[in-house]
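Have a look at input_22.txt below; it lists compact mmCIF, C-alpha atoms.
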# COMPACT_ATOMS: atom_id res chain seq x y z
CA MET A 1 -45.63 71.36 -22.48
CA VAL A 2 -42.74 72.83 -20.54
CA SER A 3 -40.82 75.41 -22.53
CA GLU A 4 -37.21 76.46 -21.92
CA SER A 5 -36.61 79.83 -23.53
CA ALA A 6 -33.05 80.63 -22.45
CA PRO A 7 -30.38 79.24 -24.76
CA SER A 8 -28.19 78.37 -21.78
CA SER A 9 -30.81 75.90 -20.62
CA ASN A 10 -29.77 73.47 -23.32
CA SER A 11 -26.26 72.80 -22.03
CA GLY A 12 -24.21 72.50 -18.86
CA LEU A 13 -24.81 70.55 -15.68
CA GLY A 14 -27.24 73.27 -14.64
CA SER A 15 -29.59 72.05 -17.37
CA TYR A 16 -30.66 69.23 -15.05
CA LEU A 17 -31.56 71.66 -12.26
CA ARG A 18 -33.40 73.94 -14.67
CA LEU A 19 -35.36 70.96 -15.94
CA LEU A 20 -36.29 69.80 -12.45
CA ARG A 21 -37.35 73.32 -11.44
CA SER A 22 -40.01 73.29 -14.16
CA PRO A 23 -43.52 72.89 -12.66
CA GLY A 24 -44.30 69.20 -12.25
CA ALA A 25 -40.92 67.96 -13.51
CA GLY A 26 -39.54 66.98 -10.10
CA THR A 27 -42.72 65.09 -9.24
CA LEU A 28 -42.64 63.22 -12.55
CA ALA A 29 -38.95 62.30 -12.18
CA PHE A 30 -39.25 61.13 -8.56
CA TRP A 31 -42.39 59.02 -8.90
CA GLY A 32 -41.22 57.67 -12.23
CA MET A 33 -38.11 56.40 -10.44
CA VAL A 34 -40.26 54.92 -7.65
CA GLY A 35 -42.45 53.10 -10.16
CA ARG A 36 -39.56 51.44 -11.97
CA PHE A 37 -37.36 50.64 -8.97
CA PRO A 38 -38.83 47.08 -8.97
CA ILE A 39 -37.22 46.47 -12.38
CA ALA A 40 -33.95 45.90 -10.53
CA MET A 41 -35.61 44.10 -7.61
CA ARG A 42 -38.27 41.60 -8.77
CA SER A 43 -36.02 38.86 -10.09
CA ILE A 44 -33.69 38.95 -7.09
CA GLY A 45 -36.62 39.09 -4.67
CA CYS A 46 -38.23 36.13 -6.41
CA LEU A 47 -34.99 34.13 -6.28
CA MET A 48 -34.44 34.90 -2.61
CA LEU A 49 -37.99 34.07 -1.52
CA ILE A 50 -38.47 30.83 -3.48
CA SER A 51 -35.02 29.48 -2.63
CA ALA A 52 -35.62 30.30 1.06
CA VAL A 53 -39.04 28.57 1.13
CA THR A 54 -38.43 25.57 -1.15
CA GLY A 55 -34.65 25.27 -0.95
CA SER A 56 -34.53 24.99 -4.75
CA LEU A 57 -32.59 27.65 -6.63
CA GLY A 58 -33.50 25.88 -9.89
CA GLU A 59 -37.24 26.35 -9.33
CA ALA A 60 -36.60 29.94 -8.30
CA GLY A 61 -34.76 30.58 -11.57
CA VAL A 62 -37.57 29.07 -13.65
CA VAL A 63 -40.22 31.22 -11.96
CA ALA A 64 -38.12 34.40 -12.25
CA ALA A 65 -37.44 33.68 -15.93
CA ALA A 66 -41.17 33.15 -16.60
CA MET A 67 -41.92 36.54 -15.06
CA LEU A 68 -39.22 38.31 -17.10
CA ILE A 69 -40.14 36.67 -20.40
CA SER A 70 -43.84 37.38 -20.01
CA GLN A 71 -43.06 40.99 -19.17
CA GLY A 72 -40.90 41.36 -22.28
CA VAL A 73 -43.62 39.86 -24.49
CA ALA A 74 -46.51 41.83 -22.99
CA ALA A 75 -44.82 45.25 -22.71
CA PRO A 76 -45.12 46.32 -26.40
CA PHE A 77 -48.80 45.38 -26.45
CA LEU A 78 -49.44 47.35 -23.27
CA GLY A 79 -47.58 50.25 -24.88
CA ARG A 80 -49.85 49.98 -27.91
CA LEU A 81 -52.92 50.08 -25.65
CA ALA A 82 -51.50 53.17 -23.92
CA ASP A 83 -51.10 54.92 -27.28
CA ARG A 84 -54.68 54.12 -28.24
CA HIS A 85 -56.47 54.59 -24.93
CA SER A 86 -54.05 56.76 -22.84
CA GLN A 87 -51.26 55.84 -20.46
CA ARG A 88 -53.44 56.81 -17.52
CA LYS A 89 -55.98 54.07 -18.16
CA VAL A 90 -53.34 51.42 -18.84
CA LEU A 91 -51.26 52.32 -15.76
CA LEU A 92 -54.25 52.29 -13.41
CA THR A 93 -55.55 49.01 -14.83
CA THR A 94 -52.23 47.18 -14.92
CA CYS A 95 -51.14 48.25 -11.43
CA ALA A 96 -54.35 46.70 -10.07
CA GLY A 97 -53.71 43.51 -12.05
CA HIS A 98 -50.07 43.53 -10.94
CA ALA A 99 -51.10 43.73 -7.29
CA VAL A 100 -53.36 40.70 -7.81
CA GLY A 101 -50.60 38.80 -9.64
CA MET A 102 -48.06 39.54 -6.93
CA ALA A 103 -50.53 38.47 -4.23
CA LEU A 104 -51.10 35.19 -6.10
CA LEU A 105 -47.34 34.68 -6.45
CA LEU A 106 -46.69 35.30 -2.76
CA THR A 107 -49.53 32.95 -1.83
CA ALA A 108 -48.31 30.20 -4.17
CA ILE A 109 -44.78 30.44 -2.78
CA GLY A 110 -45.91 30.69 0.84
CA LEU A 111 -48.14 27.62 0.54
CA GLU A 112 -45.43 25.78 -1.41
CA LEU A 113 -47.83 25.02 -4.25
CA PRO A 114 -46.56 23.03 -7.28
CA LEU A 115 -44.11 24.69 -9.65
CA TRP A 116 -46.77 25.20 -12.33
CA ALA A 117 -48.86 27.28 -9.91
CA MET A 118 -45.93 29.57 -9.12
CA ILE A 119 -45.17 29.92 -12.84
CA ALA A 120 -48.81 30.79 -13.58
CA ALA A 121 -48.77 33.50 -10.91
CA ALA A 122 -45.43 34.78 -12.24
CA LEU A 123 -46.93 35.02 -15.74
CA VAL A 124 -49.80 37.15 -14.42
CA THR A 125 -47.31 39.37 -12.62
CA GLY A 126 -45.12 39.75 -15.70
CA CYS A 127 -47.98 40.38 -18.12
CA THR A 128 -49.22 43.27 -15.95
CA SER A 129 -45.79 44.94 -15.74
CA VAL A 130 -45.66 47.84 -18.18
CA SER A 131 -42.38 49.07 -19.63
CA PHE A 132 -42.16 51.85 -17.06
CA THR A 133 -38.91 53.10 -18.56
CA GLY A 134 -40.58 53.40 -21.98
CA PHE A 135 -43.68 55.06 -20.56
CA MET A 136 -41.55 57.65 -18.79
CA ARG A 137 -39.59 58.53 -21.92
CA ALA A 138 -42.83 58.94 -23.85
CA ARG A 139 -44.08 61.27 -21.09
CA TRP A 140 -40.94 63.42 -21.21
CA ALA A 141 -41.37 63.75 -24.99
CA ALA A 142 -44.83 65.20 -24.33
CA PHE A 143 -43.77 67.27 -21.31
CA VAL A 144 -40.69 69.21 -22.47
CA ASP A 145 -39.67 70.99 -25.66
CA GLN A 146 -37.23 69.50 -28.15
CA GLY A 147 -34.29 71.45 -26.76
CA SER A 148 -34.71 69.98 -23.28
CA LEU A 149 -35.51 66.44 -24.38
CA ARG A 150 -31.88 65.30 -24.47
CA THR A 151 -31.43 66.46 -20.89
CA ALA A 152 -34.60 64.64 -19.83
CA TYR A 153 -33.47 61.40 -21.48
CA ALA A 154 -30.00 61.77 -19.93
CA MET A 155 -31.61 62.21 -16.52
CA GLU A 156 -33.73 59.11 -17.12
CA SER A 157 -30.61 57.13 -18.00
CA ILE A 158 -28.87 58.36 -14.85
CA LEU A 159 -31.88 57.34 -12.77
CA ASP A 160 -31.83 53.91 -14.42
CA ASP A 161 -28.17 53.48 -13.45
CA THR A 162 -28.97 54.58 -9.91
CA ILE A 163 -31.81 52.08 -9.71
CA PHE A 164 -29.60 49.20 -10.82
CA LEU A 165 -26.98 50.27 -8.30
CA LEU A 166 -29.36 50.52 -5.35
CA GLY A 167 -32.16 48.11 -6.29
CA PRO A 168 -30.31 44.84 -5.57
CA LEU A 169 -29.03 46.29 -2.28
CA LEU A 170 -32.53 47.43 -1.30
CA VAL A 171 -34.18 44.07 -2.01
CA THR A 172 -31.44 42.30 -0.05
CA VAL A 173 -32.03 44.55 2.96
CA LEU A 174 -35.82 44.10 2.68
CA SER A 175 -35.59 40.29 2.37
CA PRO A 176 -33.87 39.10 5.55
CA ALA A 177 -33.89 35.44 6.53
CA ALA A 178 -36.68 36.16 9.03
CA PHE A 179 -38.96 37.70 6.38
CA PRO A 180 -37.83 36.78 2.83
CA ALA A 181 -41.13 37.97 1.31
CA GLY A 182 -40.29 41.59 2.19
CA GLY A 183 -38.54 42.28 -1.12
CA LEU A 184 -41.46 41.21 -3.31
CA ILE A 185 -43.98 43.01 -1.11
CA ALA A 186 -41.91 46.19 -1.47
CA CYS A 187 -41.87 45.68 -5.25
CA ALA A 188 -45.66 45.51 -5.33
CA VAL A 189 -46.03 48.64 -3.18
CA LEU A 190 -43.53 50.63 -5.26
CA THR A 191 -45.11 49.56 -8.56
CA VAL A 192 -48.67 50.39 -7.50
CA THR A 193 -47.75 53.69 -5.84
CA GLY A 194 -45.53 54.89 -8.69
CA SER A 195 -48.08 53.85 -11.32
CA ILE A 196 -50.93 55.71 -9.65
CA VAL A 197 -49.03 58.96 -9.10
CA VAL A 198 -47.55 58.99 -12.62
CA ALA A 199 -50.94 58.12 -14.13
CA LEU A 200 -52.48 61.13 -12.38
CA HIS A 201 -49.70 63.45 -13.61
CA ARG A 202 -51.94 64.98 -16.29
CA SER A 203 -49.49 67.56 -17.69
CA SER A 204 -47.14 64.82 -18.97
CA GLU A 205 -49.85 62.56 -20.43
CA PRO A 206 -48.87 61.85 -24.06
CA MET A 207 -51.35 63.02 -26.65
CA ARG A 208 -52.91 60.56 -29.03
CA ALA A 209 -52.30 61.15 -32.75
CA ARG A 210 -55.06 60.08 -35.07
CA GLU A 211 -54.40 58.79 -38.57
CA PRO A 212 -56.99 59.35 -41.32
CA GLY A 213 -58.14 55.76 -40.81
CA GLY A 214 -58.97 56.48 -37.19
CA SER A 215 -56.05 54.97 -35.24
CA PRO A 216 -52.36 55.84 -34.76
CA GLN A 217 -49.79 54.28 -37.05
CA ARG A 218 -48.08 51.34 -35.37
CA ALA A 219 -44.50 51.97 -34.28
CA ILE A 220 -43.49 48.46 -35.32
CA ALA A 221 -44.36 49.34 -38.93
CA VAL A 222 -41.69 52.07 -39.14
CA PRO A 223 -38.26 51.01 -40.58
CA GLY A 224 -36.36 53.36 -38.26
CA VAL A 225 -37.88 51.66 -35.22
CA TRP A 226 -36.72 48.28 -36.54
CA VAL A 227 -33.17 49.60 -36.93
CA LEU A 228 -33.12 50.85 -33.34
CA MET A 229 -34.64 47.60 -32.06
CA ALA A 230 -31.85 45.61 -33.72
CA ALA A 231 -29.21 48.01 -32.39
CA TYR A 232 -30.63 47.73 -28.87
CA ALA A 233 -30.64 43.94 -29.10
CA GLY A 234 -26.93 44.06 -29.96
CA MET A 235 -26.21 46.47 -27.10
CA GLY A 236 -28.21 44.29 -24.73
CA PHE A 237 -26.20 41.24 -25.78
CA LEU A 238 -23.03 43.17 -24.93
CA PHE A 239 -24.41 44.20 -21.52
CA GLY A 240 -25.37 40.62 -20.65
CA ALA A 241 -22.10 39.06 -21.78
CA VAL A 242 -20.00 41.73 -20.06
CA ASP A 243 -21.89 41.21 -16.78
CA VAL A 244 -21.13 37.49 -16.98
CA SER A 245 -17.47 38.20 -17.74
CA MET A 246 -17.21 40.27 -14.54
CA ILE A 247 -18.70 37.49 -12.43
CA ALA A 248 -16.57 34.82 -14.14
CA PHE A 249 -13.42 36.91 -13.65
CA ALA A 250 -14.08 37.14 -9.90
CA GLN A 251 -14.84 33.42 -9.63
CA GLU A 252 -11.67 32.47 -11.51
CA ARG A 253 -9.71 34.28 -8.82
CA SER A 254 -11.69 32.72 -5.96
CA GLU A 255 -13.20 36.07 -4.98
CA PRO A 256 -16.84 35.77 -6.12
CA GLY A 257 -17.93 38.61 -3.87
CA LEU A 258 -15.89 41.08 -5.92
CA GLY A 259 -18.02 40.34 -8.99
CA GLY A 260 -20.71 42.63 -7.61
CA VAL A 261 -18.12 45.37 -7.07
CA LEU A 262 -17.03 45.15 -10.72
CA LEU A 263 -20.65 45.33 -11.89
CA ALA A 264 -21.19 48.39 -9.70
CA LEU A 265 -18.14 50.05 -11.26
CA ILE A 266 -19.64 49.56 -14.72
CA ALA A 267 -22.79 51.31 -13.52
CA VAL A 268 -20.69 54.12 -12.01
CA GLY A 269 -18.93 54.67 -15.33
CA SER A 270 -22.26 54.73 -17.14
CA LEU A 271 -23.80 57.13 -14.63
CA VAL A 272 -20.95 59.65 -14.81
CA ALA A 273 -20.77 59.47 -18.60
CA GLY A 274 -24.53 59.89 -18.91
CA LEU A 275 -24.40 62.97 -16.67
CA ALA A 276 -21.68 64.53 -18.83
CA TYR A 277 -23.27 63.52 -22.14
CA GLY A 278 -26.63 65.00 -21.22
CA ALA A 279 -25.01 68.30 -20.23
CA VAL A 280 -23.57 68.86 -23.73
CA ASP A 281 -25.63 70.56 -26.43
CA TRP A 282 -24.48 68.35 -29.32
CA ARG A 283 -24.40 70.00 -32.74
CA VAL A 284 -24.12 66.76 -34.73
CA PRO A 285 -27.02 64.53 -35.80
CA GLN A 286 -28.23 61.99 -33.26
CA SER A 287 -27.85 59.25 -35.88
CA ALA A 288 -24.12 60.03 -36.06
CA LEU A 289 -23.90 60.06 -32.25
CA LEU A 290 -25.46 56.58 -32.18
CA VAL A 291 -22.67 55.34 -34.47
CA VAL A 292 -19.96 56.97 -32.37
CA THR A 293 -21.32 55.71 -29.06
CA SER A 294 -21.85 52.20 -30.46
CA CYS A 295 -18.24 52.19 -31.66
CA VAL A 296 -16.93 53.31 -28.26
CA LEU A 297 -19.18 50.73 -26.59
CA THR A 298 -17.66 47.96 -28.71
CA LEU A 299 -14.08 49.08 -28.22
CA SER A 300 -14.49 49.51 -24.46
CA ALA A 301 -15.44 45.82 -24.06
CA ILE A 302 -12.19 44.57 -25.64
CA PRO A 303 -9.80 45.49 -22.76
CA LEU A 304 -11.90 43.27 -20.46
CA ALA A 305 -10.49 40.23 -22.26
CA PHE A 306 -6.91 41.22 -21.36
CA ALA A 307 -7.27 42.32 -17.73
CA ASP A 308 -5.38 40.00 -15.38
CA THR A 309 -5.63 41.67 -11.96
CA PHE A 310 -8.48 43.20 -9.98
CA PRO A 311 -7.16 46.78 -10.10
CA VAL A 312 -6.79 46.56 -13.87
CA MET A 313 -10.22 44.97 -14.28
CA ALA A 314 -11.74 47.62 -12.01
CA PHE A 315 -10.37 50.34 -14.29
CA CYS A 316 -11.56 48.46 -17.38
CA ALA A 317 -15.01 48.04 -15.81
CA VAL A 318 -15.40 51.80 -15.41
CA LEU A 319 -14.14 52.20 -18.98
CA ALA A 320 -16.68 49.65 -20.22
CA GLY A 321 -19.48 51.71 -18.70
CA ILE A 322 -18.64 55.09 -20.20
CA ALA A 323 -20.53 54.53 -23.47
CA ILE A 324 -23.59 52.75 -22.05
CA SER A 325 -25.71 55.74 -21.05
CA PRO A 326 -24.63 57.91 -24.04
CA ALA A 327 -25.57 55.11 -26.46
CA LEU A 328 -28.96 54.62 -24.83
CA ILE A 329 -29.61 58.37 -24.71
CA ALA A 330 -28.77 58.70 -28.42
CA GLY A 331 -31.07 55.77 -29.20
CA SER A 332 -33.94 57.23 -27.15
CA THR A 333 -33.59 60.64 -28.78
CA LEU A 334 -33.53 59.04 -32.23
CA LEU A 335 -36.59 56.94 -31.47
CA GLU A 336 -38.53 60.06 -30.51
CA SER A 337 -37.72 61.53 -33.93
CA VAL A 338 -38.49 58.47 -36.10
CA ALA A 339 -41.48 56.87 -34.37
CA PRO A 340 -45.03 58.07 -35.05
CA LYS A 341 -45.88 60.81 -32.59
CA GLY A 342 -48.91 58.96 -31.26
CA SER A 343 -47.10 55.63 -30.78
CA LEU A 344 -44.17 56.51 -28.53
CA SER A 345 -45.29 54.30 -25.63
CA GLU A 346 -45.37 51.30 -27.94
CA ALA A 347 -42.11 52.27 -29.63
CA PHE A 348 -40.16 52.61 -26.38
CA SER A 349 -41.68 49.35 -25.12
CA TRP A 350 -40.41 47.53 -28.22
CA LEU A 351 -36.97 49.02 -27.69
CA ASN A 352 -36.83 47.93 -24.05
CA SER A 353 -38.09 44.43 -24.86
CA CYS A 354 -35.43 43.98 -27.55
CA GLY A 355 -32.78 45.23 -25.15
CA ALA A 356 -33.97 42.78 -22.50
CA LEU A 357 -33.96 39.93 -25.02
CA GLY A 358 -30.41 40.88 -25.96
CA ILE A 359 -29.34 40.91 -22.32
CA ALA A 360 -30.87 37.47 -21.72
CA SER A 361 -29.12 36.10 -24.82
CA GLY A 362 -25.82 37.68 -23.81
CA ILE A 363 -26.06 36.17 -20.34
CA ALA A 364 -26.83 32.74 -21.78
CA VAL A 365 -24.02 32.80 -24.36
CA GLY A 366 -21.55 34.51 -22.04
CA GLY A 367 -22.33 32.05 -19.27
CA HIS A 368 -21.67 29.09 -21.57
CA LEU A 369 -18.42 30.58 -22.86
CA GLY A 370 -17.31 31.53 -19.35
CA GLU A 371 -17.99 28.02 -18.10
CA GLN A 372 -16.35 26.25 -21.04
CA GLY A 373 -13.47 28.70 -21.37
CA THR A 374 -12.58 31.86 -19.44
CA SER A 375 -14.03 35.24 -18.61
CA ALA A 376 -12.13 36.60 -21.62
CA HIS A 377 -14.32 34.53 -23.95
CA ALA A 378 -17.44 36.14 -22.48
CA ALA A 379 -15.88 39.59 -22.93
CA TRP A 380 -15.15 38.86 -26.60
CA ALA A 381 -18.76 37.74 -27.04
CA GLY A 382 -19.83 41.11 -25.62
CA ALA A 383 -17.64 42.92 -28.13
CA VAL A 384 -19.36 40.97 -30.92
CA GLY A 385 -22.74 42.18 -29.65
CA GLY A 386 -21.46 45.75 -29.70
CA LEU A 387 -20.19 45.23 -33.24
CA VAL A 388 -23.67 44.13 -34.30
CA ALA A 389 -25.11 47.35 -32.86
CA LEU A 390 -22.42 49.38 -34.66
CA VAL A 391 -23.03 47.73 -38.02
CA VAL A 392 -26.81 48.07 -37.69
CA SER A 393 -26.54 51.76 -36.79
CA LEU A 394 -24.22 52.36 -39.76
CA VAL A 395 -26.36 50.48 -42.29
CA GLY A 396 -29.51 52.11 -40.93
CA GLN A 397 -28.25 55.70 -41.27
CA PRO A 398 -30.42 56.55 -44.32
CA VAL A 399 -33.54 55.43 -42.45
CA LEU A 400 -32.61 57.08 -39.15
CA ARG A 401 -31.91 60.43 -40.82
CA LYS A 402 -35.34 60.61 -42.41
CA GLY A 403 -37.05 61.43 -39.16
CA ARG A 404 -40.69 60.86 -38.31
CA PRO A 405 -42.99 59.47 -41.02
CA VAL A 406 -44.72 62.21 -42.98
CA SER A 407 -48.15 60.89 -42.03
CA ALA A 408 -47.37 61.44 -38.35
CA VAL A 409 -45.76 64.88 -38.51
CA ASN A 410 -48.93 66.97 -38.33
CA PRO A 411 -51.62 64.66 -37.05
CA GLU A 412 -54.85 65.75 -35.54
CA LEU A 413 -54.15 65.61 -31.83
CA THR A 414 -56.69 64.29 -29.41
CA ALA A 415 -56.21 64.78 -25.70
CA ALA A 416 -55.53 61.47 -24.02
CA GLU A 417 -57.72 62.43 -21.12
CA GLN A 418 -60.84 62.42 -23.25
Do you think you could lay out the structure here as structure tokens?
Amino acid sequence: MVSESAPSSNSGLGSYLRLLRSPGAGTLAFWGMVGRFPIAMRSIGCLMLISAVTGSLGEAGVVAAAMLISQGVAAPFLGRLADRHSQRKVLLTTCAGHAVGMALLLTAIGLELPLWAMIAAALVTGCTSVSFTGFMRARWAAFVDQGSLRTAYAMESILDDTIFLLGPLLVTVLSPAAFPAGGLIACAVLTVTGSIVVALHRSSEPMRAREPGGSPQRAIAVPGVWVLMAAYAGMGFLFGAVDVSMIAFAQERSEPGLGGVLLALIAVGSLVAGLAYGAVDWRVPQSALLVVTSCVLTLSAIPLAFADTFPVMAFCAVLAGIAISPALIAGSTLLESVAPKGSLSEAFSWLNSCGALGIASGIAVGGHLGEQGTSAHAAWAGAVGGLVALVVSLVGQPVLRKGRPVSAVNPELTAAEQ
């Protein structure tokens, strides 16, 4: 485990540089980003390729949805396998299966096979996609000391924002009209390469904690994990509804192209806020920070309902992003403290799946409200999702403050490599 002895290493923007200078940290951060870049690329690449080959955007949407849903369902179970048998084994196995699934998907699309064949291939692809974001956070928990963990999670959040800023642009560049399969092929290469390198990064491999009965306690059995899952679902709903409100706002003013600009501004606000949040050595409990950030997240969505011009909406979009990374960082740090030590891969996978489910629900509800009413209705729906996260984090304070279950505090550790 990397140890930071100097007190100054826990605060300031220099904390990121000090973290990355630690032996192996830069390698882990870079290849972890490579491995999860496809998160922001697969759906768009799938939509672009299928619509280009078949001419049906509807079929493309069905196939992309099948891939996303199967990934969300399978991720916690893959995380559980990683906790029991090591991340290394799961990453190496799933990246091979993912390459096969992607090859089947590309073949089915290229040969214009029936819709059910493309869906079947998409299910294989999704079921072999681990929650790379969750796996990386579990690795940082094993790689750095407690004082540097906040900085590591803040850096992960910043990298996530960067990925969602650049990923759609990258897949668009790699999927020209002459070769629309380029985006999905790049996704497969990035996933396999990132998975292999991270899997072989032995110094960050999480240790397995053994319970007296012989296997780690399940993360899903811990009340604190349930509280964070519900809070993340509420946050995800806000993210999805707010994204729709940005797109609807641009369409209402006959400038649909500016919807992407507004979404990028949200990501910029989140990125800058995450950078600042991670540089501060907070002296208040993480459970209290979750409440504060959830409150700011909710309040920042409200001005979106009143914006009437692009400059005003652009400002509000940046404002709406300022609490995103801090809220997710607080949630990640809390999860590390409440989940069983040997079940972090599973725990983070559950959190990401609930967040993804919330985003999908927010997009669906926000899209309906935006179509039947205005972009303001979608923004109000987002605020409701944030309110759910706030209420859950408030009600769950007693559970979140308890910390890790007693049975998992001093477990007998077994090296995951064995």
For this session: Could you give me, as number ranges by chain, the residues within 9 Å of Thr125 of chain A, counting all atoms listed in the file and dropping anything in the same chain fewer than 5 positions from it?
Result: A: 67, 70-71, 97-102, 104-105, 120
Exercise. Neighbours of segment 352-362 of chain A within 10 Å (all atoms listed in the file; same-chain residues fewer than 5 positions away dropped), as an MDAnalysis selection string?
Worked result: chainID A and resid 65 68:69 71:76 131:134 228:244 346:347 367:368 378 381:382 385
For this session: Go through A:Glu336, A:Asp308, A:Glu371, A:Asp161 and flag the residue nearest Gly321 of chain A, using all atoms listed in the file for the distances.
Result: A:Asp161
For this session: Name the residues in contact with Leu20 of chain A at a cut-off of 10 Å, using only C-alpha atoms, excluding same-chain residues fewer than 5 positions from it; report them as a PyMOL selection string.
Result: chain A and resi 14-15+25-30+152+155
Which segment 291-389 of chain A residues have any atom within 12 Å of an atom of segment 256-268 of chain A, and for each, what is the nearest pair of atoms with distance in Å to one decimal, counting all atoms listed in the file, rows sorted by chain and number, as a tab-separated table?
residue	atom	partner	partner_atom	distance
A:Leu297	CA	A:Ile266	CA	11.9
A:Ser300	CA	A:Ile266	CA	11.0
A:Ala301	CA	A:Ile266	CA	10.9
A:Leu304	CA	A:Leu262	CA	11.2
A:Thr309	CA	A:Leu258	CA	11.9
A:Phe310	CA	A:Leu258	CA	8.7
A:Pro311	CA	A:Leu262	CA	10.0
A:Val312	CA	A:Leu262	CA	10.8
A:Met313	CA	A:Leu262	CA	7.7
A:Ala314	CA	A:Leu262	CA	6.0
A:Phe315	CA	A:Leu265	CA	8.3
A:Cys316	CA	A:Ile266	CA	8.6
A:Ala317	CA	A:Ile266	CA	5.0
A:Val318	CA	A:Ile266	CA	4.8
A:Leu319	CA	A:Ile266	CA	7.4
A:Ala320	CA	A:Ile266	CA	6.2
A:Gly321	CA	A:Ile266	CA	4.5
A:Ile322	CA	A:Ile266	CA	7.8
A:Ala323	CA	A:Ile266	CA	10.1
A:Ile324	CA	A:Ala267	CA	8.7
A:Ser325	CA	A:Ala267	CA	9.2
A:Ser375	CA	A:Gly259	CA	11.6
For this session: Write out as JSON, numbers by chain the residues lying within 9 Å of segment 38-43 of chain A, counting all atoms listed in the file and excluding same-chain residues fewer than 5 positions away.
Result: {"A": [48, 61, 63, 64, 65, 67, 68, 132, 163, 164, 165, 166, 167, 168, 169, 170, 171, 172, 183, 184, 186, 187, 188, 190, 191]}
For this session: Determine the nearest neighbour of Ser287 of chain A from the options A:Ala96, A:Val392, A:Leu13, A:Val144, counting all atoms listed in the file.
Result: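 Closest residue, counting all atoms listed in the file: A:Val392.
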May I have the residues at most 12 Å from (-45.3, 30.9, 1.1) in the file's coordinates, counting only C-alpha atoms, as a PDB file with C-alpha atoms, in the frame of the given file?
ATOM      1  CA  CYS A  46     -38.230  36.130  -6.410  1.00  0.00           C
ATOM      2  CA  LEU A  49     -37.990  34.070  -1.520  1.00  0.00           C
ATOM      3  CA  ILE A  50     -38.470  30.830  -3.480  1.00  0.00           C
ATOM      4  CA  SER A  51     -35.020  29.480  -2.630  1.00  0.00           C
ATOM      5  CA  ALA A  52     -35.620  30.300   1.060  1.00  0.00           C
ATOM      6  CA  VAL A  53     -39.040  28.570   1.130  1.00  0.00           C
ATOM      7  CA  THR A  54     -38.430  25.570  -1.150  1.00  0.00           C
ATOM      8  CA  ALA A 103     -50.530  38.470  -4.230  1.00  0.00           C
ATOM      9  CA  LEU A 104     -51.100  35.190  -6.100  1.00  0.00           C
ATOM     10  CA  LEU A 105     -47.340  34.680  -6.450  1.00  0.00           C
ATOM     11  CA  LEU A 106     -46.690  35.300  -2.760  1.00  0.00           C
ATOM     12  CA  THR A 107     -49.530  32.950  -1.830  1.00  0.00           C
ATOM     13  CA  ALA A 108     -48.310  30.200  -4.170  1.00  0.00           C
ATOM     14  CA  ILE A 109     -44.780  30.440  -2.780  1.00  0.00           C
ATOM     15  CA  GLY A 110     -45.910  30.690   0.840  1.00  0.00           C
ATOM     16  CA  LEU A 111     -48.140  27.620   0.540  1.00  0.00           C
ATOM     17  CA  GLU A 112     -45.430  25.780  -1.410  1.00  0.00           C
ATOM     18  CA  LEU A 113     -47.830  25.020  -4.250  1.00  0.00           C
ATOM     19  CA  PRO A 114     -46.560  23.030  -7.280  1.00  0.00           C
ATOM     20  CA  MET A 118     -45.930  29.570  -9.120  1.00  0.00           C
ATOM     21  CA  PHE A 179     -38.960  37.700   6.380  1.00  0.00           C
ATOM     22  CA  PRO A 180     -37.830  36.780   2.830  1.00  0.00           C
ATOM     23  CA  ALA A 181     -41.130  37.970   1.310  1.00  0.00           C
ATOM     24  CA  GLY A 182     -40.290  41.590   2.190  1.00  0.00           C
ATOM     25  CA  LEU A 184     -41.460  41.210  -3.310  1.00  0.00           C
TER      26      LEU A 184
END
Problem set entry | Residue with smallest distance to Ala121 of chain A - pool A:Ala138, A:Ala248, A:Cys95, A:Ala66, counting all atoms listed in the file |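 Ranked by minimum distance to Ala121 of chain A, first place goes to A:Ala66.
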Exercise. In Å to one decimal, how far is atom CA of Thr128 of chain A from atom CA of Trp350 of chain A?
Worked result: 15.7 Å
Exercise. Could you state the separation of atom CA of Ala142 of chain A and atom CA of Leu92 of chain A in Å, given to one decimal place?
Worked result: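 Computed distance, atom CA of Ala142 of chain A to atom CA of Leu92 of chain A, equals 19.4 Å.
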Box centre and edge lengths (Å, one decimal), axis-aligned, segment 32-37 of chain A plus 5 Å each side, as AutoDock Vina command-line options:
--center_x -39.9 --center_y 54.2 --center_z -9.9 --size_x 15.1 --size_y 17.0 --size_z 14.6
Take the point (-33.5, 62.1, -30.1) in the file's coordinates, draw a sphere of radius 9 Å around it, and report as a PDB file with C-alpha atoms, keeping the file's coordinate frame every protein, DNA or RNA residue with an atom inside or on it, counting only C-alpha atoms.
ATOM      1  CA  GLN A 146     -37.230  69.500 -28.150  1.00  0.00           C
ATOM      2  CA  LEU A 149     -35.510  66.440 -24.380  1.00  0.00           C
ATOM      3  CA  ARG A 150     -31.880  65.300 -24.470  1.00  0.00           C
ATOM      4  CA  TYR A 153     -33.470  61.400 -21.480  1.00  0.00           C
ATOM      5  CA  PRO A 285     -27.020  64.530 -35.800  1.00  0.00           C
ATOM      6  CA  GLN A 286     -28.230  61.990 -33.260  1.00  0.00           C
ATOM      7  CA  SER A 287     -27.850  59.250 -35.880  1.00  0.00           C
ATOM      8  CA  ILE A 329     -29.610  58.370 -24.710  1.00  0.00           C
ATOM      9  CA  ALA A 330     -28.770  58.700 -28.420  1.00  0.00           C
ATOM     10  CA  GLY A 331     -31.070  55.770 -29.200  1.00  0.00           C
ATOM     11  CA  SER A 332     -33.940  57.230 -27.150  1.00  0.00           C
ATOM     12  CA  THR A 333     -33.590  60.640 -28.780  1.00  0.00           C
ATOM     13  CA  LEU A 334     -33.530  59.040 -32.230  1.00  0.00           C
ATOM     14  CA  LEU A 335     -36.590  56.940 -31.470  1.00  0.00           C
ATOM     15  CA  GLU A 336     -38.530  60.060 -30.510  1.00  0.00           C
ATOM     16  CA  SER A 337     -37.720  61.530 -33.930  1.00  0.00           C
ATOM     17  CA  VAL A 338     -38.490  58.470 -36.100  1.00  0.00           C
TER      18      VAL A 338
END
